[in-house]
$ cat input17.pdb   # PDB, C-alpha atoms and all ligand atoms
MODEL        1
ATOM      1  CA  MET A1149     -11.135  33.061   6.539
ATOM      2  CA  GLY A1150      -9.917  35.156   3.543
ATOM      3  CA  ALA A1151      -9.018  38.008   5.942
ATOM      4  CA  ARG A1152      -7.016  35.593   8.168
ATOM      5  CA  ILE A1153      -5.063  34.265   5.185
ATOM      6  CA  SER A1154      -4.182  37.776   3.970
ATOM      7  CA  GLU A1155      -3.156  38.676   7.562
ATOM      8  CA  LEU A1156      -0.827  35.629   7.594
ATOM      9  CA  LEU A1157       0.600  36.437   4.160
ATOM     10  CA  SER A1158       1.280  40.074   5.042
ATOM     11  CA  ALA A1159       3.083  39.045   8.265
ATOM     12  CA  LEU A1160       5.531  36.848   6.302
ATOM     13  CA  PRO A1161       8.579  37.942   4.283
ATOM     14  CA  ARG A1162       7.543  38.781   0.702
ATOM     15  CA  GLU A1163       9.348  35.803  -0.923
ATOM     16  CA  VAL A1164       7.725  33.355   1.509
ATOM     17  CA  ALA A1165       4.253  34.785   0.885
ATOM     18  CA  GLU A1166       4.894  34.534  -2.860
ATOM     19  CA  ARG A1167       5.865  30.871  -2.493
ATOM     20  CA  ILE A1168       2.681  30.113  -0.567
ATOM     21  CA  ILE A1169       0.619  31.791  -3.288
ATOM     22  CA  MET A1170       2.548  29.931  -6.024
ATOM     23  CA  GLY A1171       2.086  26.633  -4.113
ATOM     24  CA  ALA A1172      -1.635  27.334  -3.637
ATOM     25  CA  LYS A1173      -2.043  28.052  -7.365
ATOM     26  CA  ARG A1174      -0.262  24.819  -8.297
ATOM     27  CA  ALA A1175      -2.310  22.968  -5.628
ATOM     28  CA  LEU A1176      -5.499  24.104  -7.340
ATOM     29  CA  VAL A1177      -4.247  23.195 -10.813
ATOM     30  CA  LYS A1178      -2.920  19.775  -9.784
ATOM     31  CA  GLY A1179      -5.497  18.984  -7.101
ATOM     32  CA  ASP A1180      -2.606  18.455  -4.639
ATOM     33  CA  PRO A1181      -2.436  20.666  -1.505
ATOM     34  CA  ALA A1182       1.083  19.267  -0.770
ATOM     35  CA  MET A1183       2.297  21.689  -3.481
ATOM     36  CA  ILE A1184       2.133  24.435  -0.815
ATOM     37  CA  CYS A1185       4.727  22.563   1.329
ATOM     38  CA  HIS A1186       6.740  21.780  -1.785
ATOM     39  CA  TYR A1187       7.022  25.416  -2.896
ATOM     40  CA  LEU A1188       7.653  26.559   0.694
ATOM     41  CA  SER A1189      10.673  24.259   0.974
ATOM     42  CA  MET A1190      12.296  25.334  -2.323
ATOM     43  CA  ILE A1191      15.284  27.671  -2.524
ATOM     44  CA  SER A1192      16.690  29.587  -5.514
ATOM     45  CA  PRO A1193      19.749  31.768  -6.329
ATOM     46  CA  THR A1194      17.742  34.834  -5.208
ATOM     47  CA  TYR A1195      15.970  33.279  -2.212
ATOM     48  CA  LEU A1196      17.762  31.077   0.300
ATOM     49  CA  GLY A1197      14.850  30.308   2.573
ATOM     50  CA  MET A1198      13.459  31.669   5.787
ATOM     51  CA  ASP A1199      14.916  31.220   9.258
ATOM     52  CA  LEU A1200      12.589  29.797  11.864
ATOM     53  CA  PRO A1201      12.520  30.629  15.571
ATOM     54  CA  TYR A1202      14.135  27.429  16.865
ATOM     55  CA  VAL A1203      17.345  26.779  18.774
ATOM     56  CA  HIS A1204      19.465  23.657  18.570
ATOM     57  CA  SER A1205      19.581  22.236  22.064
ATOM     58  CA  GLY A1206      21.478  18.967  22.195
ATOM     59  CA  TYR A1207      22.015  16.063  19.821
ATOM     60  CA  HIS A1208      19.796  13.526  21.543
ATOM     61  CA  LYS A1209      17.179  13.268  24.244
ATOM     62  CA  SER A1210      17.817  11.694  27.589
ATOM     63  CA  TYR A1211      15.585  10.751  30.473
ATOM     64  CA  PRO A1212      17.783  11.446  33.535
ATOM     65  CA  GLY A1213      15.451   9.927  36.160
ATOM     66  CA  SER A1214      14.911   6.669  34.272
ATOM     67  CA  ARG A1215      16.388   3.246  34.990
ATOM     68  CA  LYS A1216      19.264   2.624  32.561
ATOM     69  CA  ILE A1217      19.804  -0.743  30.906
ATOM     70  CA  PRO A1218      23.335  -0.883  29.452
ATOM     71  CA  LEU A1219      23.379  -2.599  26.071
ATOM     72  CA  PRO A1220      26.040  -5.207  25.285
ATOM     73  CA  PRO A1221      28.752  -3.917  22.937
ATOM     74  CA  PRO A1222      27.596  -4.476  19.355
ATOM     75  CA  PRO A1223      29.486  -7.080  17.300
ATOM     76  CA  GLN A1224      32.375  -5.597  15.269
ATOM     77  CA  VAL A1225      31.696  -7.738  12.192
ATOM     78  CA  SER A1226      28.577  -9.378  10.809
ATOM     79  CA  GLY A1227      30.308 -11.966   8.664
ATOM     80  CA  ARG A1228      28.156 -10.900   5.686
ATOM     81  CA  ASP A1229      29.393  -9.048   2.636
ATOM     82  CA  ALA A1230      28.021  -5.465   2.392
ATOM     83  CA  PHE A1231      27.093  -5.685  -1.305
ATOM     84  CA  GLU A1232      25.368  -9.033  -0.779
ATOM     85  CA  VAL A1233      23.339  -7.611   2.127
ATOM     86  CA  ILE A1234      22.259  -4.547   0.097
ATOM     87  CA  VAL A1235      21.025  -6.761  -2.738
ATOM     88  CA  SER A1236      19.225  -9.332  -0.578
ATOM     89  CA  ARG A1237      17.420  -6.726   1.608
ATOM     90  CA  ARG A1238      13.641  -7.083   1.559
ATOM     91  CA  SER A1239      10.744  -5.952   3.734
ATOM     92  CA  ARG A1240       9.942  -9.026   5.834
ATOM     93  CA  ARG A1241       6.690  -9.163   7.751
ATOM     94  CA  LYS A1242       6.571 -12.694   9.239
ATOM     95  CA  TYR A1243       8.427 -13.230  12.517
ATOM     96  CA  ALA A1244       9.111 -16.419  14.462
ATOM     97  CA  PRO A1245       7.813 -16.465  18.045
ATOM     98  CA  SER A1246      11.369 -16.827  19.428
ATOM     99  CA  PRO A1247      12.765 -13.783  21.274
ATOM    100  CA  LEU A1248      15.416 -11.387  20.052
ATOM    101  CA  SER A1249      18.640 -11.287  22.036
ATOM    102  CA  LEU A1250      19.753  -8.076  23.714
ATOM    103  CA  ALA A1251      22.940  -8.258  21.596
ATOM    104  CA  GLU A1252      20.828  -8.245  18.406
ATOM    105  CA  LEU A1253      18.813  -5.256  19.642
ATOM    106  CA  SER A1254      22.047  -3.506  20.582
ATOM    107  CA  ALA A1255      23.452  -4.079  17.073
ATOM    108  CA  LEU A1256      20.251  -2.806  15.419
ATOM    109  CA  LEU A1257      20.253   0.381  17.499
ATOM    110  CA  TYR A1258      23.988   1.084  17.384
ATOM    111  CA  TYR A1259      24.407   0.520  13.640
ATOM    112  CA  SER A1260      21.321   2.573  12.783
ATOM    113  CA  LEU A1261      21.647   5.498  15.226
ATOM    114  CA  GLY A1262      24.942   5.105  17.116
ATOM    115  CA  VAL A1263      27.692   7.653  17.700
ATOM    116  CA  THR A1264      30.874   6.851  15.772
ATOM    117  CA  GLY A1265      33.077   9.926  16.241
ATOM    118  CA  ARG A1266      33.426  13.638  16.863
ATOM    119  CA  ALA A1267      33.143  16.612  14.529
ATOM    120  CA  TRP A1268      35.820  19.370  14.558
ATOM    121  CA  TRP A1269      33.534  21.539  16.754
ATOM    122  CA  GLY A1270      33.171  18.747  19.299
ATOM    123  CA  GLY A1271      29.652  17.543  18.457
ATOM    124  CA  PRO A1272      29.012  13.846  17.832
ATOM    125  CA  LYS A1273      28.947  12.139  14.423
ATOM    126  CA  ARG A1274      26.650   9.213  13.742
ATOM    127  CA  VAL A1275      26.431   6.115  11.594
ATOM    128  CA  TYR A1276      23.851   7.954   9.464
ATOM    129  CA  PRO A1277      24.553  11.138   7.451
ATOM    130  CA  SER A1278      22.738  14.111   8.925
ATOM    131  CA  SER A1279      21.976  17.525   7.390
ATOM    132  CA  GLY A1280      24.236  19.998   9.207
ATOM    133  CA  ALA A1281      25.210  17.119  11.547
ATOM    134  CA  LEU A1282      22.232  18.246  13.653
ATOM    135  CA  GLN A1283      20.966  14.692  14.250
ATOM    136  CA  PRO A1284      17.192  14.991  14.651
ATOM    137  CA  VAL A1285      16.444  11.243  14.837
ATOM    138  CA  GLU A1286      15.460   9.644  18.153
ATOM    139  CA  GLY A1287      14.975   5.916  18.676
ATOM    140  CA  TYR A1288      12.527   4.143  20.976
ATOM    141  CA  VAL A1289      11.850   0.452  21.472
ATOM    142  CA  VAL A1290       8.594  -1.316  22.271
ATOM    143  CA  ALA A1291       9.928  -4.613  23.597
ATOM    144  CA  LYS A1292       7.703  -7.664  23.909
ATOM    145  CA  ARG A1293      10.097 -10.631  23.724
ATOM    146  CA  VAL A1294      13.731  -9.578  24.132
ATOM    147  CA  GLU A1295      16.007 -11.762  26.287
ATOM    148  CA  GLY A1296      17.178  -9.859  29.358
ATOM    149  CA  LEU A1297      14.701  -7.010  28.866
ATOM    150  CA  GLU A1298      11.354  -6.699  30.589
ATOM    151  CA  PRO A1299       8.449  -5.972  28.229
ATOM    152  CA  GLY A1300       8.096  -2.210  28.039
ATOM    153  CA  LEU A1301       8.789   1.057  26.305
ATOM    154  CA  TYR A1302      12.391   2.285  26.162
ATOM    155  CA  HIS A1303      14.350   5.228  24.752
ATOM    156  CA  TYR A1304      17.757   4.627  23.145
ATOM    157  CA  ASN A1305      20.450   6.901  24.589
ATOM    158  CA  PRO A1306      23.133   6.880  21.853
ATOM    159  CA  ALA A1307      25.797   8.650  23.942
ATOM    160  CA  GLU A1308      25.627   6.037  26.697
ATOM    161  CA  GLY A1309      24.813   3.008  24.526
ATOM    162  CA  ALA A1310      21.963   2.298  26.934
ATOM    163  CA  LEU A1311      18.212   1.954  26.993
ATOM    164  CA  GLU A1312      16.234   4.236  29.267
ATOM    165  CA  GLU A1313      13.141   2.577  30.707
ATOM    166  CA  LEU A1314      10.086   4.758  30.170
ATOM    167  CA  ARG A1315       7.244   2.368  31.061
ATOM    168  CA  LYS A1316       6.952  -1.347  31.814
ATOM    169  CA  GLY A1317       4.237  -3.397  30.118
ATOM    170  CA  ASN A1318       3.252  -4.957  26.823
ATOM    171  CA  PHE A1319       2.405  -2.155  24.377
ATOM    172  CA  SER A1320       2.404  -4.297  21.207
ATOM    173  CA  ARG A1321      -1.380  -4.335  20.710
ATOM    174  CA  GLN A1322      -1.614  -0.595  21.350
ATOM    175  CA  LEU A1323       1.114  -0.010  18.749
ATOM    176  CA  GLU A1324      -0.560  -2.378  16.261
ATOM    177  CA  GLU A1325      -3.792  -0.412  16.634
ATOM    178  CA  ALA A1326      -1.864   2.843  16.135
ATOM    179  CA  ALA A1327      -0.366   1.265  12.989
ATOM    180  CA  ILE A1328      -3.851   0.897  11.486
ATOM    181  CA  GLY A1329      -4.052  -2.732  12.629
ATOM    182  CA  GLN A1330      -0.947  -3.952  10.751
ATOM    183  CA  GLU A1331      -0.389  -7.392  12.272
ATOM    184  CA  HIS A1332       3.364  -7.484  11.727
ATOM    185  CA  VAL A1333       3.661  -4.544  14.141
ATOM    186  CA  GLY A1334       1.824  -6.406  16.919
ATOM    187  CA  SER A1335       3.431  -9.805  16.319
ATOM    188  CA  ALA A1336       7.091  -8.696  16.303
ATOM    189  CA  PRO A1337       9.190  -9.378  19.415
ATOM    190  CA  ALA A1338      10.337  -5.740  19.291
ATOM    191  CA  VAL A1339       9.486  -2.584  17.378
ATOM    192  CA  ILE A1340      11.997   0.230  16.906
ATOM    193  CA  ILE A1341      10.306   3.625  16.568
ATOM    194  CA  PHE A1342      12.007   6.599  14.920
ATOM    195  CA  THR A1343      10.932  10.149  15.651
ATOM    196  CA  ILE A1344      12.478  13.436  14.555
ATOM    197  CA  VAL A1345      13.061  16.390  16.855
ATOM    198  CA  TYR A1346      12.239  18.926  14.169
ATOM    199  CA  SER A1347      13.706  21.980  15.966
ATOM    200  CA  ARG A1348      17.261  20.549  15.761
ATOM    201  CA  THR A1349      17.228  20.707  11.969
ATOM    202  CA  ALA A1350      14.873  23.717  11.686
ATOM    203  CA  SER A1351      17.237  25.808  13.864
ATOM    204  CA  LYS A1352      19.634  25.907  10.883
ATOM    205  CA  TYR A1353      17.665  25.037   7.753
ATOM    206  CA  GLY A1354      14.387  26.892   8.349
ATOM    207  CA  LEU A1355      11.713  26.025   5.831
ATOM    208  CA  ARG A1356      13.868  23.338   4.203
ATOM    209  CA  ALA A1357      14.126  21.444   7.484
ATOM    210  CA  TYR A1358      10.897  19.471   7.304
ATOM    211  CA  LYS A1359      12.334  17.776   4.201
ATOM    212  CA  PHE A1360      15.876  17.379   5.586
ATOM    213  CA  ALA A1361      14.855  15.904   8.939
ATOM    214  CA  HIS A1362      12.771  13.213   7.204
ATOM    215  CA  LEU A1363      15.670  12.431   4.861
ATOM    216  CA  ASP A1364      17.926  11.905   7.893
ATOM    217  CA  ALA A1365      15.416   9.376   9.245
ATOM    218  CA  GLY A1366      15.404   7.604   5.876
ATOM    219  CA  PHE A1367      19.184   7.182   5.943
ATOM    220  CA  ALA A1368      19.067   5.801   9.488
ATOM    221  CA  GLY A1369      16.142   3.580   8.489
ATOM    222  CA  GLN A1370      18.088   1.922   5.684
ATOM    223  CA  ASN A1371      20.657   0.993   8.327
ATOM    224  CA  VAL A1372      17.961  -0.854  10.308
ATOM    225  CA  TYR A1373      17.116  -2.862   7.197
ATOM    226  CA  LEU A1374      20.747  -3.675   6.403
ATOM    227  CA  VAL A1375      21.679  -4.662   9.955
ATOM    228  CA  ALA A1376      18.586  -6.877  10.224
ATOM    229  CA  GLU A1377      19.517  -8.494   6.914
ATOM    230  CA  ALA A1378      23.129  -9.024   7.975
ATOM    231  CA  LEU A1379      22.007 -10.679  11.232
ATOM    232  CA  GLY A1380      19.456 -12.960   9.526
ATOM    233  CA  LEU A1381      16.529 -11.036  11.072
ATOM    234  CA  GLY A1382      13.508  -9.532   9.354
ATOM    235  CA  THR A1383      12.106  -6.012   9.446
ATOM    236  CA  THR A1384       9.963  -3.636   7.450
ATOM    237  CA  ALA A1385       9.617   0.131   7.526
ATOM    238  CA  VAL A1386       6.102   1.067   8.605
ATOM    239  CA  GLY A1387       5.027   4.603   7.789
ATOM    240  CA  GLY A1388       1.291   3.911   7.947
ATOM    241  CA  PHE A1389       0.221   4.836  11.476
ATOM    242  CA  TYR A1390      -2.004   7.302  13.289
ATOM    243  CA  ASP A1391       0.496   9.981  14.320
ATOM    244  CA  GLU A1392      -1.294  11.178  17.426
ATOM    245  CA  LEU A1393      -1.736   7.636  18.803
ATOM    246  CA  VAL A1394       2.009   6.996  18.472
ATOM    247  CA  CYS A1395       2.765  10.368  20.109
ATOM    248  CA  SER A1396       0.421   9.509  22.945
ATOM    249  CA  LEU A1397       2.105   6.105  23.460
ATOM    250  CA  LEU A1398       5.530   7.790  23.543
ATOM    251  CA  ASP A1399       4.195  10.701  25.621
ATOM    252  CA  ILE A1400       5.659  13.269  23.225
ATOM    253  CA  ASP A1401       4.309  16.488  21.726
ATOM    254  CA  CYS A1402       3.528  15.673  18.077
ATOM    255  CA  GLU A1403       4.509  19.184  16.930
ATOM    256  CA  GLU A1404       7.912  19.142  18.627
ATOM    257  CA  GLU A1405       8.821  15.518  17.975
ATOM    258  CA  MET A1406       7.295  13.750  15.001
ATOM    259  CA  PRO A1407       7.028   9.972  14.686
ATOM    260  CA  VAL A1408       8.269   8.953  11.232
ATOM    261  CA  LEU A1409       8.797   5.185  10.992
ATOM    262  CA  LEU A1410       8.179   1.998  12.967
ATOM    263  CA  PHE A1411      10.413  -1.039  12.416
ATOM    264  CA  PRO A1412       9.001  -4.327  13.712
ATOM    265  CA  VAL A1413      11.946  -6.726  14.074
ATOM    266  CA  GLY A1414      12.178 -10.426  14.695
ATOM    267  CA  ARG A1415      13.708 -13.664  13.625
ATOM    268  CA  ARG A1416      12.571 -14.705  10.168
ATOM    269  CA  GLU A1417       9.929 -17.408  10.201
ATOM    270  CA  ARG A1418      11.321 -20.501   8.503
TER     271      ARG A1418
HETATM  272  C1  LIG B   1       8.403   5.409   3.870
HETATM  273  C2  LIG B   1       7.954   3.961   3.816
HETATM  274  C3  LIG B   1       6.760   3.608   4.427
HETATM  275  C4  LIG B   1       6.348   2.270   4.419
HETATM  276  N1  LIG B   1       5.213   1.925   5.097
HETATM  277  C5  LIG B   1       4.844   0.635   5.168
HETATM  278  C6  LIG B   1       3.730   0.242   5.965
HETATM  279  O1  LIG B   1       3.056   1.060   6.589
HETATM  280  N2  LIG B   1       3.455  -1.078   6.047
HETATM  281  C7  LIG B   1       4.196  -2.039   5.402
HETATM  282  O2  LIG B   1       3.880  -3.217   5.544
HETATM  283  N3  LIG B   1       5.251  -1.704   4.611
HETATM  284  C8  LIG B   1       5.595  -0.392   4.493
HETATM  285  N4  LIG B   1       6.707  -0.033   3.763
HETATM  286  C9  LIG B   1       7.503  -1.050   3.063
HETATM  287  C10 LIG B   1       7.226  -1.043   1.553
HETATM  288  O3  LIG B   1       5.942  -1.594   1.333
HETATM  289  C11 LIG B   1       8.306  -1.860   0.835
HETATM  290  O4  LIG B   1       9.561  -1.236   1.015
HETATM  291  C12 LIG B   1       7.999  -1.973  -0.658
HETATM  292  O5  LIG B   1       6.876  -2.785  -0.896
HETATM  293  C13 LIG B   1       9.183  -2.551  -1.434
HETATM  294  O6  LIG B   1       9.494  -3.846  -0.965
HETATM  295  P1  LIG B   1      10.947  -4.216  -0.415
HETATM  296  O7  LIG B   1      11.231  -3.319   0.761
HETATM  297  O8  LIG B   1      10.839  -5.666  -0.003
HETATM  298  O9  LIG B   1      11.911  -4.002  -1.515
HETATM  299  C14 LIG B   1       7.121   1.287   3.741
HETATM  300  C15 LIG B   1       8.323   1.666   3.116
HETATM  301  C16 LIG B   1       8.736   2.980   3.162
HETATM  302  C17 LIG B   1      10.054   3.360   2.524
ENDMDL
END

$ encode --input "input17.pdb" --output "structure tokens"
Amino acid sequence: MGARISELLSALPREVAERIIMGAKRALVKGDPAMICHYLSMISPTYLGMDLPYVHSGYHKSYPGSRKIPLPPPPQVSGRDAFEVIVSRRSRRKYAPSPLSLAELSALLYYSLGVTGRAWWGGPKRVYPSSGALQPVEGYVVAKRVEGLEPGLYHYNPAEGALEELRKGNFSRQLEEAAIGQEHVGSAPAVIIFTIVYSRTASKYGLRAYKFAHLDAGFAGQNVYLVAEALGLGTTAVGGFYDELVCSLLDIDCEEEMPVLLFPVGRRER
């Protein structure tokens, strides 16, 4: 074990090895192994991080062979004041049994992950700020009760404003179990799932990317909350889930694409 660790440390650039050792020392002192990740992600005037062997390949996933379900254009205005919506936002975990409309789902997806313009180099820009405009966040939907949408698992294609059908069926219970039995995940008419394609951000930001990619998802996640609030719906961010069960449901490789948040959404129960 000791020999393997020294082999790893000697294969790394000196500054990176030093950061691992510093993190390990602090981990021992504080009783917190996360200090190793923390020190690994830090930069300084004399050390700007380590590049990682990733390439940026595209700004979103697409499933070319899948059936596409075009989403209705999202509403241009919500009728609610932005400041009022920010202040009234809460995590809401009780949902009425009534279905969501496809227009509501379209608004939630577009205003949390949608493409709103072009950068000077031609790449897309999104509703959420993204480190290096590399856009690691992917959106999926587990639909149970959405008008005009068969129950199933879908991927949101932001360039086309469409859902891509991955699998038909009711996956709510499976997702609730993956979310450590949290009932609001199973009871919601739809659950939006955010993942991050880590290589998009890591291709530029190296060891700082694990932090940056999660921050991107947080910015997009606040949009889900605010849009739900503006439309009179309820949602809550759910970060408590068994990662590998969510990856298996989505049929993704948990090292390449990491699930970060689930957002059950539904009408508020009166
Ligand atoms: C990263 C993150 C993970 C969370 N995970 C869960 C969760 O697994 N289950 C849940 O019911 N709420 C979860 N929440 C919601 C918080 O419990 C909630 O935001 C907090 O209690 C503050 O309440 P408020 O959102 O109503 O202001 C999470 C929130 C964040 C930001």

$ atom_distance --input "input17.pdb" --atom1 "atom CA of Ala1151 of chain A" --atom2 "atom CA of Val1164 of chain A"
17.9 Å

$ residues_near_ligand --input "input17.pdb" --ligand "ligand LIG 1 (chain B)" --cutoff "7 Å" --atoms "only C-alpha atoms and all ligand atoms" --output "PyMOL selection string"
chain A and resi 1237-1241+1384-1389

$ closest_residue --input "input17.pdb" --among "A:Ala1255, A:Leu1397, A:Ala1376, A:Val1345" --to "Glu1324 of chain A" --atoms "all atoms listed in the file"
A:Leu1397

$ residues_around --input "input17.pdb" --residues "Val1408 of chain A" --least-positions-apart "2" --cutoff "8 Å" --atoms "all atoms listed in the file" --output "JSON, numbers by chain"
{"A": [1341, 1342, 1343, 1344, 1362, 1365, 1387, 1406, 1410]}

$ residues_around --input "input17.pdb" --residues "segment 1218-1230 of chain A" --least-positions-apart "4" --cutoff "8 Å" --atoms "all atoms listed in the file" --output "PyMOL selection string"
chain A and resi 1234+1250-1252+1254-1255+1258+1308-1311+1378-1379

$ closest_residue --input "input17.pdb" --among "A:Ala1368, A:Leu1393, A:Ala1336, A:Ala1327" --to "Arg1416 of chain A" --atoms "all atoms listed in the file"
A:Ala1336

$ atom_distance --input "input17.pdb" --atom1 "atom CA of Ala1361 of chain A" --atom2 "atom CA of Tyr1302 of chain A"
22.1 Å

$ closest_residue --input "input17.pdb" --among "A:Lys1209, A:Leu1248, A:Gly1317, A:Lys1273" --to "Tyr1304 of chain A" --atoms "all atoms listed in the file"
A:Lys1209

$ residues_near_point --input "input17.pdb" --point "(30.9, 7.3, 19.1)" --cutoff "10 Å" --atoms "all atoms listed in the file" --output "list in words"
Tyr1258, Gly1262, Val1263, Thr1264, Gly1265, Arg1266, Pro1272, Lys1273, Arg1274, Val1275, Pro1306, Ala1307, Glu1308 and Gly1309 of chain A
